[in-house]
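Dumped structure_35.tsv below, it's TSV, C-alpha atoms:
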chain	number	residue	atom	x	y	z
A	1	MET	CA	-89.22	-37.22	-64.86
A	2	ASN	CA	-89.26	-40.51	-66.67
A	3	LEU	CA	-88.82	-43.33	-64.16
A	4	SER	CA	-89.19	-46.21	-66.58
A	5	ILE	CA	-86.11	-48.41	-66.82
A	6	ASN	CA	-85.50	-50.45	-69.90
A	7	LYS	CA	-84.63	-54.12	-69.57
A	8	PRO	CA	-81.01	-53.99	-70.73
A	9	LEU	CA	-80.24	-51.26	-68.21
A	10	LEU	CA	-82.07	-53.16	-65.50
A	11	GLY	CA	-79.97	-56.19	-66.34
A	12	LEU	CA	-76.82	-54.15	-65.84
A	13	VAL	CA	-78.01	-52.78	-62.52
A	14	VAL	CA	-79.33	-56.03	-61.07
A	15	LEU	CA	-76.53	-58.31	-62.20
A	16	GLY	CA	-73.93	-55.66	-61.39
A	17	THR	CA	-75.30	-55.30	-57.89
A	18	LEU	CA	-75.15	-59.04	-57.43
A	19	ALA	CA	-71.61	-59.18	-58.69
A	20	SER	CA	-70.62	-56.65	-56.05
A	21	GLY	CA	-71.71	-59.12	-53.40
A	22	VAL	CA	-74.84	-57.42	-52.11
A	23	CYS	CA	-76.88	-60.57	-52.62
A	24	ALA	CA	-74.25	-63.24	-52.57
A	25	GLN	CA	-75.89	-66.20	-50.86
A	26	ILE	CA	-78.22	-67.17	-53.69
A	27	GLN	CA	-79.82	-70.35	-54.87
A	28	LEU	CA	-80.97	-70.43	-58.45
A	29	PRO	CA	-83.72	-72.95	-59.04
A	30	GLY	CA	-84.68	-73.96	-62.56
A	31	ALA	CA	-83.33	-76.05	-65.39
A	32	GLY	CA	-81.29	-73.34	-67.09
A	33	THR	CA	-80.66	-73.28	-70.80
A	34	ARG	CA	-78.47	-75.44	-73.00
A	35	PRO	CA	-77.48	-74.95	-76.62
A	36	GLU	CA	-79.08	-77.30	-79.14
A	37	ALA	CA	-77.73	-76.14	-82.51
A	38	HIS	CA	-75.40	-78.36	-84.54
A	39	MET	CA	-74.72	-80.88	-81.81
A	40	PRO	CA	-72.70	-83.86	-83.01
A	41	ALA	CA	-74.56	-87.15	-83.34
A	42	VAL	CA	-73.93	-89.13	-80.18
A	43	PRO	CA	-75.17	-92.71	-79.99
A	44	PRO	CA	-76.86	-93.66	-76.71
A	45	VAL	CA	-74.71	-95.21	-73.99
A	46	SER	CA	-74.86	-98.99	-74.29
A	47	VAL	CA	-76.44	-100.81	-71.40
A	48	GLN	CA	-74.15	-103.71	-72.22
A	49	ASN	CA	-70.43	-103.04	-72.12
A	50	PRO	CA	-69.32	-103.17	-75.79
A	51	PHE	CA	-65.65	-103.35	-74.80
A	52	LYS	CA	-63.98	-106.71	-74.41
A	53	PRO	CA	-60.97	-107.34	-72.18
A	54	PHE	CA	-57.68	-106.58	-73.93
A	55	ASP	CA	-56.68	-109.52	-76.11
A	56	GLN	CA	-52.87	-109.39	-75.99
A	57	PRO	CA	-52.11	-112.23	-78.46
A	58	ARG	CA	-54.50	-110.73	-81.03
A	59	PHE	CA	-52.94	-107.29	-80.55
A	60	GLU	CA	-49.41	-108.66	-80.92
A	61	LYS	CA	-50.38	-110.52	-84.10
A	62	ALA	CA	-51.86	-107.36	-85.59
A	63	ALA	CA	-48.76	-105.39	-84.58
A	64	ARG	CA	-46.50	-107.96	-86.28
A	65	GLU	CA	-48.62	-107.70	-89.43
A	66	LEU	CA	-48.01	-103.94	-89.35
A	67	GLY	CA	-44.26	-104.57	-89.28
A	68	ALA	CA	-43.35	-104.80	-85.59
A	69	THR	CA	-40.27	-106.96	-85.00
A	70	ALA	CA	-40.16	-109.86	-82.55
A	71	LEU	CA	-37.91	-107.79	-80.27
A	72	GLN	CA	-40.31	-104.83	-80.33
A	73	VAL	CA	-43.23	-107.13	-79.45
A	74	LYS	CA	-41.18	-108.70	-76.63
A	75	THR	CA	-40.33	-105.22	-75.29
A	76	PHE	CA	-44.03	-104.34	-75.42
A	77	GLY	CA	-44.79	-107.31	-73.15
A	78	GLU	CA	-42.19	-106.10	-70.66
A	79	ASP	CA	-43.27	-102.45	-70.84
A	80	MET	CA	-46.93	-103.28	-70.19
A	81	ALA	CA	-46.36	-103.95	-66.50
A	82	GLU	CA	-44.35	-100.79	-66.09
A	83	ILE	CA	-46.24	-98.13	-68.06
A	84	GLY	CA	-49.59	-99.80	-68.72
A	85	ALA	CA	-50.92	-101.57	-71.79
A	86	ALA	CA	-52.25	-98.42	-73.51
A	87	ARG	CA	-48.96	-96.49	-73.45
A	88	ALA	CA	-46.89	-99.60	-74.21
A	89	ALA	CA	-49.10	-100.41	-77.22
A	90	ASP	CA	-48.82	-96.88	-78.57
A	91	ASP	CA	-45.03	-96.98	-78.09
A	92	LEU	CA	-44.85	-100.30	-79.95
A	93	LEU	CA	-46.75	-98.94	-82.96
A	94	ARG	CA	-44.62	-95.81	-82.97
A	95	LYS	CA	-41.44	-97.89	-83.01
A	96	ALA	CA	-42.78	-100.12	-85.77
A	97	LEU	CA	-44.22	-97.36	-87.96
A	98	PRO	CA	-41.96	-94.33	-88.45
A	99	LYS	CA	-44.63	-92.29	-90.23
A	100	PHE	CA	-47.04	-92.78	-87.35
A	101	ASP	CA	-44.27	-91.86	-84.91
A	102	GLU	CA	-43.50	-88.72	-86.91
A	103	ALA	CA	-47.18	-87.70	-86.81
A	104	VAL	CA	-47.51	-88.31	-83.05
A	105	LEU	CA	-44.25	-86.45	-82.37
A	106	ALA	CA	-45.61	-83.52	-84.37
A	107	ALA	CA	-48.83	-83.61	-82.32
A	108	GLU	CA	-46.85	-83.70	-79.07
A	109	ASP	CA	-44.72	-80.83	-80.31
A	110	ARG	CA	-47.86	-78.85	-81.25
A	111	ASP	CA	-46.68	-78.74	-84.83
A	112	PRO	CA	-49.53	-77.63	-87.13
A	113	LYS	CA	-48.50	-80.34	-89.61
A	114	ALA	CA	-49.65	-82.99	-87.10
A	115	ALA	CA	-53.29	-83.16	-88.26
A	116	LEU	CA	-52.23	-83.65	-91.88
A	117	LEU	CA	-49.60	-86.26	-90.99
A	118	LEU	CA	-52.07	-88.22	-88.86
A	119	ALA	CA	-54.72	-88.06	-91.60
A	120	LYS	CA	-52.20	-89.38	-94.14
A	121	VAL	CA	-51.43	-92.40	-91.95
A	122	LEU	CA	-55.16	-92.96	-91.47
A	123	VAL	CA	-55.91	-92.81	-95.19
A	124	ASP	CA	-53.05	-95.18	-96.00
A	125	THR	CA	-53.98	-97.99	-93.62
A	126	LYS	CA	-56.72	-100.59	-93.50
A	127	SER	CA	-55.60	-101.92	-90.13
A	128	PRO	CA	-58.29	-101.26	-87.49
A	129	LEU	CA	-55.54	-101.33	-84.86
A	130	LEU	CA	-53.54	-98.53	-86.46
A	131	GLN	CA	-56.75	-96.64	-87.28
A	132	ALA	CA	-57.65	-96.79	-83.58
A	133	HIS	CA	-54.32	-95.25	-82.54
A	134	VAL	CA	-54.39	-92.57	-85.25
A	135	ARG	CA	-57.98	-91.60	-84.44
A	136	TYR	CA	-57.16	-91.45	-80.74
A	137	HIS	CA	-54.31	-89.01	-81.39
A	138	MET	CA	-56.41	-86.98	-83.84
A	139	ALA	CA	-59.19	-86.64	-81.29
A	140	ARG	CA	-56.69	-85.50	-78.64
A	141	LEU	CA	-55.27	-82.98	-81.10
A	142	PHE	CA	-58.71	-81.56	-81.92
A	143	LEU	CA	-59.68	-81.47	-78.26
A	144	SER	CA	-56.52	-79.53	-77.41
A	145	SER	CA	-57.36	-77.09	-80.23
A	146	ASP	CA	-60.74	-76.22	-78.65
A	147	ASP	CA	-62.64	-78.28	-81.20
A	148	PRO	CA	-64.51	-80.91	-79.17
A	149	GLU	CA	-67.16	-81.39	-81.90
A	150	ARG	CA	-64.52	-82.60	-84.36
A	151	ALA	CA	-62.98	-84.76	-81.62
A	152	ILE	CA	-66.41	-86.41	-81.18
A	153	ASP	CA	-66.67	-87.04	-84.94
A	154	VAL	CA	-63.31	-88.82	-84.93
A	155	LEU	CA	-64.09	-90.78	-81.76
A	156	ASN	CA	-67.45	-91.82	-83.23
A	157	GLU	CA	-65.44	-93.39	-86.06
A	158	TYR	CA	-63.21	-95.04	-83.47
A	159	ILE	CA	-66.18	-96.48	-81.59
A	160	GLY	CA	-67.93	-97.48	-84.81
A	161	SER	CA	-64.99	-99.27	-86.44
A	162	ASN	CA	-62.01	-99.67	-84.15
A	163	ILE	CA	-62.94	-100.82	-80.64
A	164	ASN	CA	-61.58	-104.09	-79.22
A	165	HIS	CA	-58.36	-103.92	-81.21
A	166	SER	CA	-56.20	-101.82	-78.89
A	167	PRO	CA	-55.73	-101.28	-75.15
A	168	LEU	CA	-56.30	-97.59	-75.94
A	169	ASP	CA	-60.09	-98.23	-75.79
A	170	GLY	CA	-60.29	-97.01	-72.19
A	171	GLU	CA	-58.54	-93.74	-72.98
A	172	ALA	CA	-60.73	-93.26	-76.06
A	173	ALA	CA	-63.82	-93.75	-73.86
A	174	TYR	CA	-62.50	-91.21	-71.35
A	175	PHE	CA	-61.77	-88.58	-74.00
A	176	TYR	CA	-65.18	-89.20	-75.60
A	177	ALA	CA	-66.79	-88.19	-72.30
A	178	GLN	CA	-64.34	-85.32	-71.92
A	179	SER	CA	-65.17	-84.00	-75.42
A	180	LEU	CA	-68.90	-84.12	-74.62
A	181	ALA	CA	-68.26	-82.20	-71.42
A	182	GLU	CA	-66.35	-79.54	-73.34
A	183	ILE	CA	-69.09	-79.02	-75.97
A	184	PRO	CA	-71.00	-78.82	-73.43
A	185	MET	CA	-73.29	-81.87	-73.56
A	186	ILE	CA	-73.24	-82.43	-69.83
A	187	ASP	CA	-76.16	-84.85	-69.68
A	188	ALA	CA	-74.42	-87.05	-72.25
A	189	ALA	CA	-70.99	-86.66	-70.65
A	190	ILE	CA	-71.85	-87.75	-67.09
A	191	PRO	CA	-73.16	-91.26	-67.98
A	192	ARG	CA	-70.14	-91.77	-70.24
A	193	PHE	CA	-67.69	-90.87	-67.49
A	194	ASN	CA	-69.59	-93.28	-65.25
A	195	ALA	CA	-69.52	-95.96	-67.96
A	196	PHE	CA	-65.76	-95.42	-68.33
A	197	LEU	CA	-65.32	-95.90	-64.57
A	198	ALA	CA	-67.49	-99.06	-64.59
A	199	TRP	CA	-66.05	-100.63	-67.73
A	200	PHE	CA	-62.37	-99.82	-67.30
A	201	PRO	CA	-61.43	-100.64	-63.69
A	202	GLU	CA	-57.87	-101.29	-64.88
A	203	ALA	CA	-57.45	-97.86	-66.51
A	204	SER	CA	-54.68	-95.67	-65.14
A	205	GLU	CA	-55.32	-94.11	-61.74
A	206	ARG	CA	-54.67	-90.71	-63.30
A	207	LEU	CA	-57.59	-91.09	-65.72
A	208	ARG	CA	-59.90	-92.71	-63.18
A	209	SER	CA	-59.30	-89.91	-60.65
A	210	ALA	CA	-59.84	-87.33	-63.37
A	211	ALA	CA	-63.11	-89.01	-64.37
A	212	HIS	CA	-64.37	-89.03	-60.76
A	213	GLN	CA	-63.43	-85.37	-60.44
A	214	ARG	CA	-65.13	-84.44	-63.72
A	215	VAL	CA	-68.37	-86.17	-62.69
A	216	LEU	CA	-68.44	-84.15	-59.47
A	217	GLU	CA	-67.67	-80.93	-61.34
A	218	LEU	CA	-70.30	-81.59	-63.99
A	219	GLU	CA	-72.95	-82.40	-61.37
A	220	LEU	CA	-72.21	-79.04	-59.74
A	221	GLN	CA	-72.10	-77.33	-63.13
A	222	LYS	CA	-75.60	-78.65	-63.83
A	223	GLU	CA	-76.78	-76.82	-60.73
A	224	SER	CA	-75.18	-73.54	-61.77
A	225	ARG	CA	-77.41	-71.78	-64.26
A	226	LEU	CA	-74.87	-69.01	-64.72
A	227	HIS	CA	-72.03	-71.38	-65.66
A	228	MET	CA	-74.42	-73.34	-67.86
A	229	LEU	CA	-75.29	-70.16	-69.71
A	230	ALA	CA	-71.61	-69.31	-70.16
A	231	ASP	CA	-70.97	-72.87	-71.44
A	232	GLY	CA	-73.77	-72.51	-73.99
A	233	MET	CA	-72.35	-69.20	-75.18
A	234	LYS	CA	-68.96	-70.87	-75.59
A	235	LYS	CA	-70.54	-73.44	-77.90
A	236	THR	CA	-72.23	-70.69	-79.91
A	237	THR	CA	-68.90	-68.86	-80.19
A	238	ARG	CA	-67.48	-71.94	-81.91
A	239	ASP	CA	-70.58	-72.27	-84.14
A	240	LEU	CA	-70.22	-68.68	-85.33
A	241	ARG	CA	-66.51	-69.17	-86.03
A	242	LYS	CA	-67.52	-72.16	-88.20
A	243	LYS	CA	-69.82	-69.85	-90.23
A	244	LYS	CA	-72.95	-71.25	-88.62
A	245	THR	CA	-75.41	-68.38	-88.29
A	246	ASP	CA	-78.56	-70.28	-89.26
A	247	LYS	CA	-81.88	-70.68	-87.44
A	248	PRO	CA	-80.78	-73.29	-84.88
A	249	VAL	CA	-77.91	-71.02	-83.74
A	250	GLN	CA	-80.26	-68.02	-83.64
A	251	LEU	CA	-82.70	-70.03	-81.50
A	252	ASP	CA	-79.91	-70.82	-79.04
A	253	GLN	CA	-79.10	-67.11	-78.85
A	254	GLU	CA	-82.77	-66.27	-78.27
A	255	ALA	CA	-82.80	-68.81	-75.45
A	256	TYR	CA	-79.82	-67.03	-73.82
A	257	LEU	CA	-81.81	-63.79	-73.81
A	258	GLU	CA	-84.81	-65.53	-72.28
A	259	GLU	CA	-82.57	-67.09	-69.65
A	260	LEU	CA	-81.01	-63.71	-68.83
A	261	ASP	CA	-84.50	-62.22	-68.51
A	262	GLU	CA	-85.53	-65.00	-66.19
A	263	LEU	CA	-82.39	-64.64	-64.07
A	264	ILE	CA	-82.84	-60.87	-63.85
A	265	GLU	CA	-86.43	-61.31	-62.72
A	266	MET	CA	-85.38	-63.92	-60.19
A	267	PHE	CA	-82.67	-61.66	-58.77
A	268	GLN	CA	-85.09	-58.77	-58.58
A	269	GLU	CA	-87.49	-60.94	-56.61
A	270	MET	CA	-84.70	-61.96	-54.25
A	271	GLU	CA	-83.69	-58.34	-53.80
A	272	LYS	CA	-87.26	-57.49	-52.80
A	273	GLN	CA	-87.41	-60.33	-50.29
A	274	SER	CA	-84.03	-59.65	-48.71
A	275	SER	CA	-83.93	-57.55	-45.58
A	276	GLY	CA	-81.30	-56.64	-43.00
A	277	PRO	CA	-77.64	-56.23	-43.75
A	278	ALA	CA	-76.32	-57.48	-47.06
A	279	SER	CA	-75.33	-61.10	-46.72
A	280	GLY	CA	-72.02	-60.45	-48.40
A	281	LEU	CA	-71.04	-58.29	-45.43
A	282	GLY	CA	-71.83	-60.91	-42.79
A	283	PRO	CA	-69.77	-63.88	-41.67
A	284	SER	CA	-69.24	-66.73	-44.08
A	285	ASN	CA	-71.69	-69.64	-43.94
A	286	SER	CA	-68.83	-72.08	-44.43
A	287	PRO	CA	-65.73	-70.75	-42.67
A	288	ALA	CA	-62.45	-72.61	-42.93
A	289	ALA	CA	-61.95	-75.25	-40.25
A	290	SER	CA	-58.44	-73.99	-39.57
A	291	SER	CA	-56.41	-70.99	-40.49
A	292	ALA	CA	-53.88	-72.45	-42.87
A	293	LEU	CA	-52.68	-72.13	-46.41
A	294	PRO	CA	-54.57	-74.34	-48.89
A	295	GLY	CA	-52.71	-77.40	-50.06
A	296	GLY	CA	-51.04	-77.69	-53.43
A	297	GLU	CA	-47.86	-76.81	-55.14
A	298	GLY	CA	-46.62	-73.26	-54.57
A	299	LYS	CA	-46.08	-72.02	-58.10
A	300	VAL	CA	-47.65	-69.47	-60.37
A	301	GLY	CA	-48.35	-71.16	-63.67
A	302	ASN	CA	-45.82	-72.51	-66.07
A	303	LEU	CA	-43.26	-69.86	-66.79
A	304	ASN	CA	-41.97	-71.75	-69.79
A	305	LYS	CA	-45.30	-72.30	-71.49
A	306	LYS	CA	-45.08	-74.19	-74.76
A	307	PRO	CA	-46.35	-72.26	-77.75
A	308	SER	CA	-49.84	-73.30	-78.81
A	309	LEU	CA	-50.69	-74.88	-82.16
A	310	ALA	CA	-52.12	-71.52	-83.25
A	311	ASP	CA	-48.84	-69.83	-82.26
A	312	ARG	CA	-46.85	-72.35	-84.25
A	313	TRP	CA	-49.15	-72.01	-87.26
A	314	GLY	CA	-48.87	-68.21	-87.09
A	315	ASP	CA	-45.07	-68.38	-86.83
A	316	MET	CA	-44.74	-70.53	-89.94
A	317	ARG	CA	-43.59	-69.07	-93.23
A	318	ASP	CA	-46.32	-68.42	-95.78
A	319	SER	CA	-44.70	-70.98	-98.05
A	320	GLU	CA	-44.86	-73.67	-95.32
A	321	ARG	CA	-48.54	-72.97	-94.66
A	322	LYS	CA	-49.29	-73.03	-98.38
A	323	LYS	CA	-47.49	-76.36	-98.72
A	324	ILE	CA	-49.61	-77.91	-95.96
A	325	MET	CA	-52.82	-76.60	-97.53
A	326	ALA	CA	-51.74	-77.86	-100.96
A	327	ASP	CA	-51.05	-81.28	-99.44
A	328	VAL	CA	-54.49	-81.29	-97.86
A	329	GLN	CA	-56.12	-80.44	-101.18
A	330	ASN	CA	-54.05	-82.81	-103.30
A	331	THR	CA	-53.58	-85.87	-101.15
A	332	MET	CA	-56.63	-86.23	-98.93
A	333	PRO	CA	-59.95	-87.92	-99.77
A	334	PRO	CA	-62.92	-85.51	-99.68
A	335	GLN	CA	-64.11	-86.17	-96.11
A	336	TYR	CA	-60.65	-85.58	-94.58
A	337	GLN	CA	-59.92	-82.71	-96.98
A	338	LYS	CA	-62.93	-80.78	-95.67
A	339	MET	CA	-62.14	-81.63	-92.07
A	340	LEU	CA	-58.50	-80.53	-92.34
A	341	GLU	CA	-59.27	-77.37	-94.34
A	342	GLU	CA	-61.67	-76.24	-91.63
A	343	TYR	CA	-59.19	-77.20	-88.94
A	344	TYR	CA	-56.36	-75.15	-90.45
A	345	LYS	CA	-58.64	-72.18	-91.13
A	346	LYS	CA	-59.65	-72.25	-87.49
A	347	LEU	CA	-56.00	-72.43	-86.38
A	348	GLY	CA	-55.26	-69.35	-88.46
A	349	LYS	CA	-58.03	-67.43	-86.74
A	350	ALA	CA	-57.45	-68.64	-83.19
A	351	ASP	CA	-56.26	-66.19	-80.57
A	352	ARG	CA	-52.52	-66.46	-80.16
A	353	LYS	CA	-51.17	-66.39	-76.64
B	1	MET	CA	-75.29	-55.04	-69.82
B	2	LEU	CA	-75.03	-58.76	-70.51
B	3	ARG	CA	-78.53	-58.78	-71.90
B	4	PHE	CA	-77.83	-55.75	-74.02
B	5	LEU	CA	-74.61	-57.24	-75.38
B	6	GLN	CA	-76.23	-60.59	-76.13
B	7	GLU	CA	-79.09	-58.84	-77.89
B	8	ARG	CA	-76.57	-57.06	-80.11
B	9	VAL	CA	-74.82	-60.32	-80.97
B	10	ASN	CA	-78.19	-61.89	-81.82
B	11	LYS	CA	-79.06	-59.04	-84.18
B	12	LYS	CA	-75.65	-59.20	-85.83
B	13	THR	CA	-75.97	-62.99	-86.27
B	14	LYS	CA	-79.35	-62.60	-87.99
B	15	ALA	CA	-78.05	-59.82	-90.23
B	16	THR	CA	-74.98	-61.83	-91.20
B	17	ASP	CA	-77.10	-64.88	-91.98
B	18	ALA	CA	-79.40	-62.82	-94.20
B	19	GLU	CA	-76.45	-61.16	-95.93
B	20	ALA	CA	-74.75	-64.49	-96.58
B	21	GLU	CA	-77.81	-65.70	-98.49
B	22	ASN	CA	-77.12	-63.16	-101.21
B	23	ASN	CA	-73.35	-63.22	-101.34
B	24	PRO	CA	-70.88	-65.42	-99.50
B	25	LEU	CA	-69.10	-63.65	-96.66
B	26	ALA	CA	-65.45	-63.83	-95.67
B	27	GLN	CA	-64.28	-65.79	-92.65
B	28	ASP	CA	-63.39	-62.44	-91.04
B	29	ASP	CA	-67.07	-61.49	-90.89
B	30	TYR	CA	-67.87	-64.64	-88.94
B	31	ASP	CA	-64.84	-64.20	-86.71
B	32	LYS	CA	-66.05	-60.73	-85.73
B	33	ILE	CA	-69.42	-62.00	-84.49
B	34	SER	CA	-67.75	-64.99	-82.87
B	35	LYS	CA	-65.46	-62.64	-80.91
B	36	LYS	CA	-68.45	-60.57	-79.79
B	37	GLN	CA	-70.19	-63.74	-78.59
B	38	ALA	CA	-66.96	-64.78	-76.84
B	39	ARG	CA	-66.85	-61.46	-74.98
B	40	VAL	CA	-70.41	-61.95	-73.68
B	41	LYS	CA	-69.46	-65.48	-72.67
B	42	GLU	CA	-66.40	-64.21	-70.78
B	43	LEU	CA	-68.46	-61.63	-68.89
B	44	MET	CA	-71.03	-64.30	-68.06
B	45	ARG	CA	-68.28	-66.58	-66.78
B	46	LEU	CA	-66.74	-63.79	-64.68
B	47	LEU	CA	-70.11	-63.09	-63.10
B	48	ALA	CA	-70.71	-66.81	-62.46
B	49	GLU	CA	-67.28	-67.14	-60.86
B	50	LYS	CA	-67.64	-64.03	-58.76
B	51	LEU	CA	-70.97	-65.19	-57.42
B	52	GLY	CA	-69.64	-68.72	-57.11
B	53	LYS	CA	-66.89	-67.62	-54.74
B	54	GLU	CA	-69.54	-66.32	-52.39
B	55	ASN	CA	-72.02	-69.13	-52.87
B	56	GLY	CA	-71.35	-72.84	-52.71
B	57	VAL	CA	-73.96	-73.92	-55.24
B	58	GLU	CA	-73.28	-71.36	-57.91
B	59	GLY	CA	-69.59	-72.19	-57.77
B	60	GLY	CA	-70.07	-75.11	-60.09
B	61	GLN	CA	-66.70	-74.87	-61.77
Could I get this structure in the form of structure tokens?
Amino acid sequence: MNLSINKPLLGLVVLGTLASGVCAQIQLPGAGTRPEAHMPAVPPVSVQNPFKPFDQPRFEKAARELGATALQVKTFGEDMAEIGAARAADDLLRKALPKFDEAVLAAEDRDPKAALLLAKVLVDTKSPLLQAHVRYHMARLFLSSDDPERAIDVLNEYIGSNINHSPLDGEAAYFYAQSLAEIPMIDAAIPRFNAFLAWFPEASERLRSAAHQRVLELELQKESRLHMLADGMKKTTRDLRKKKTDKPVQLDQEAYLEELDELIEMFQEMEKQSSGPASGLGPSNSPAASSALPGGEGKVGNLNKKPSLADRWGDMRDSERKKIMADVQNTMPPQYQKMLEEYYKKLGKADRK
Amino acid sequence: MLRFLQERVNKKTKATDAEAENNPLAQDDYDKISKKQARVKELMRLLAEKLGKENGVEGGQ
């Protein structure tokens, strides 16, 4: 009888056994593996804060130059106290610039035309203030379409050319860190969340709480080799969808195999060392302090979920999709043409909910 | 199983890369490998979450 077990089968047995809870209380030492292929260029975090406090008179002057009326600027001043400078500034530009408003509305409505409309506004303006707002919305759009690498590209342009013109800087800094976390570039994301917290004490409580929460989650994520491996595979999934099958991607995939081998060996070792009843069958190491329902709202998801961008793109008529693609090819400069072509191709291939 | 599945995706990626050198491939070909990689990722995540529920440290997300 042949008793030799090949590695793939062993992997199934060992990891499967673990998943069934036989060896639940585990610690997994080691650095884990992280993808390295086709990472976006990310400048180092500045030691000095590059962001200056919001200069309201300068902003209002730039807004007037873009066509904002005296009344709109006055309303902005009043709205700032109520909804915050970032939202009030964006509202002001939307009121003053109908094309920008149309593009942002499309983005909010998950209309596939949004990326093209935003790019058109960006191409047509030389104002660093308007560029900042357009790039912010583009980055949010890409991030919500599971494309954090493209969001980073756009936010790099924001940071390179548009900071210190708009009170949106804080939000841009937050979403820069968020995009890095999504890639996942966890080691780059954590210091940027911390920089956001240090440099933008006046940012909205919603964003500051989210940043604190994300730092905690990412610190834990760094300790979880299994989640780290899944995060790396997610990045490679996006690479493959973008037709990247070259050596750097293959090296990442080889590293996943090595990591799986290492984990399997580690689990085998732990299996050997374990004795007595399976820990998964014993009492919990961290029982609840009281027998009560967890806090939080009692609802099961959003029953009226908005259709995704991919859904909307898929539901469009062929003629509408062709018109958007023709617009991209005929009206965009080369760098945005390539970016938008890839974006729309990806939308067409995305899983529809 | 995870190792076996990842190994298959790796082989397919290499083969696709080699094939693309001779003649350009359609987006569908890349989407197929991407979906295979996504399935391995989902299994990996499920395993991480299952273990995470039973272990404080491995419950990183």
Checklist entry - Which residue, B:Leu47, B:Arg39, B:Asp29, B:Gly52, has the smallest gap to Ala15 (chain B) when you use all atoms listed in the file? => result B:Asp29
Item to check | CA of Gln6 (chain B) to CA of Leu51 (chain B), distance in Å rounded to a single decimal | outcome: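 That distance, rounded to one decimal, is 20.0 Å.
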Item to check | Gap from CA of Glu269 (chain A) to CA of Leu220 (chain A) - Å, one decimal | outcome: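 We find that CA of Glu269 (chain A) and CA of Leu220 (chain A) lie 23.9 Å from each other.
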Write out, as a tab-separated table, each residue of chain B that has an atom at most 8 Å from chain A, together with the closest pair of atoms and their distance in Å to one decimal, counting all atoms listed in the file, rows going by chain and rising number.
residue	atom	partner	partner_atom	distance
B:Met1	CA	A:Leu12	CA	4.4
B:Leu2	CA	A:Leu12	CA	6.8
B:Arg3	CA	A:Pro8	CA	5.5
B:Phe4	CA	A:Pro8	CA	4.9
B:Gln6	CA	A:Leu257	CA	6.8
B:Glu7	CA	A:Leu257	CA	7.0
B:Asn10	CA	A:Gln253	CA	6.1
B:Thr13	CA	A:Thr245	CA	5.8
B:Lys14	CA	A:Thr245	CA	7.0
B:Thr16	CA	A:Thr245	CA	7.2
B:Asp17	CA	A:Thr245	CA	5.4
B:Gln27	CA	A:Lys243	CA	7.3
B:Tyr30	CA	A:Arg241	CA	5.6
B:Asp31	CA	A:Arg241	CA	5.3
B:Ile33	CA	A:Leu240	CA	6.8
B:Ser34	CA	A:Thr237	CA	4.8
B:Lys35	CA	A:Thr237	CA	7.1
B:Gln37	CA	A:Thr237	CA	5.5
B:Ala38	CA	A:Thr237	CA	5.6
B:Val40	CA	A:Met233	CA	7.7
B:Lys41	CA	A:Ala230	CA	5.1
B:Glu42	CA	A:Ala230	CA	7.3
B:Met44	CA	A:Ala230	CA	5.5
B:Arg45	CA	A:Ala230	CA	5.5
B:Leu47	CA	A:Ala19	CA	6.1
B:Ala48	CA	A:Leu226	CA	5.2
B:Glu49	CA	A:His227	CA	8.0
B:Lys50	CA	A:Ala19	CA	6.3
B:Leu51	CA	A:Ala24	CA	6.2
B:Glu54	CA	A:Ala24	CA	5.6
B:Asn55	CA	A:Gln25	CA	5.3
B:Val57	CA	A:Ser224	CA	6.7
B:Glu58	CA	A:Ser224	CA	4.8
B:Gly59	CA	A:Ser224	CA	7.0
B:Gly60	CA	A:Gln221	CA	4.3
B:Gln61	CA	A:Gln221	CA	6.1
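Separating CA of Asp124 (chain A) from CA of Leu97 (chain A) is a distance of 12.1 Å.
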Next on the checklist: Please list as a list in words every residue within 12 Å of Glu102 (chain A), counting all atoms listed in the file and excluding residues in the same chain fewer than 3 positions away.
Outcome noted: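 Answer for this query is Leu93, Arg94, Lys95, Ala96, Leu97, Pro98, Lys99, Leu105, Ala106, Ala107, Glu108, Asp109, Asp111, Lys113, Ala114, Ala115, Leu116, Leu117, Leu118, Lys120, Val121 and Val134 of chain A.
Residues within 6 Å of Ala189 (chain A), counting all atoms listed in the file and excluding same-chain residues fewer than 4 positions away, are Ala177, Leu180 and Ala181 of chain A.
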Item to check | Shell of 8 Å around region 56-66 of chain A, only C-alpha atoms, local chain residues under 4 positions omitted, as number ranges by chain | outcome: A: 70, 73, 92-93, 96-97, 127, 129, 165-166
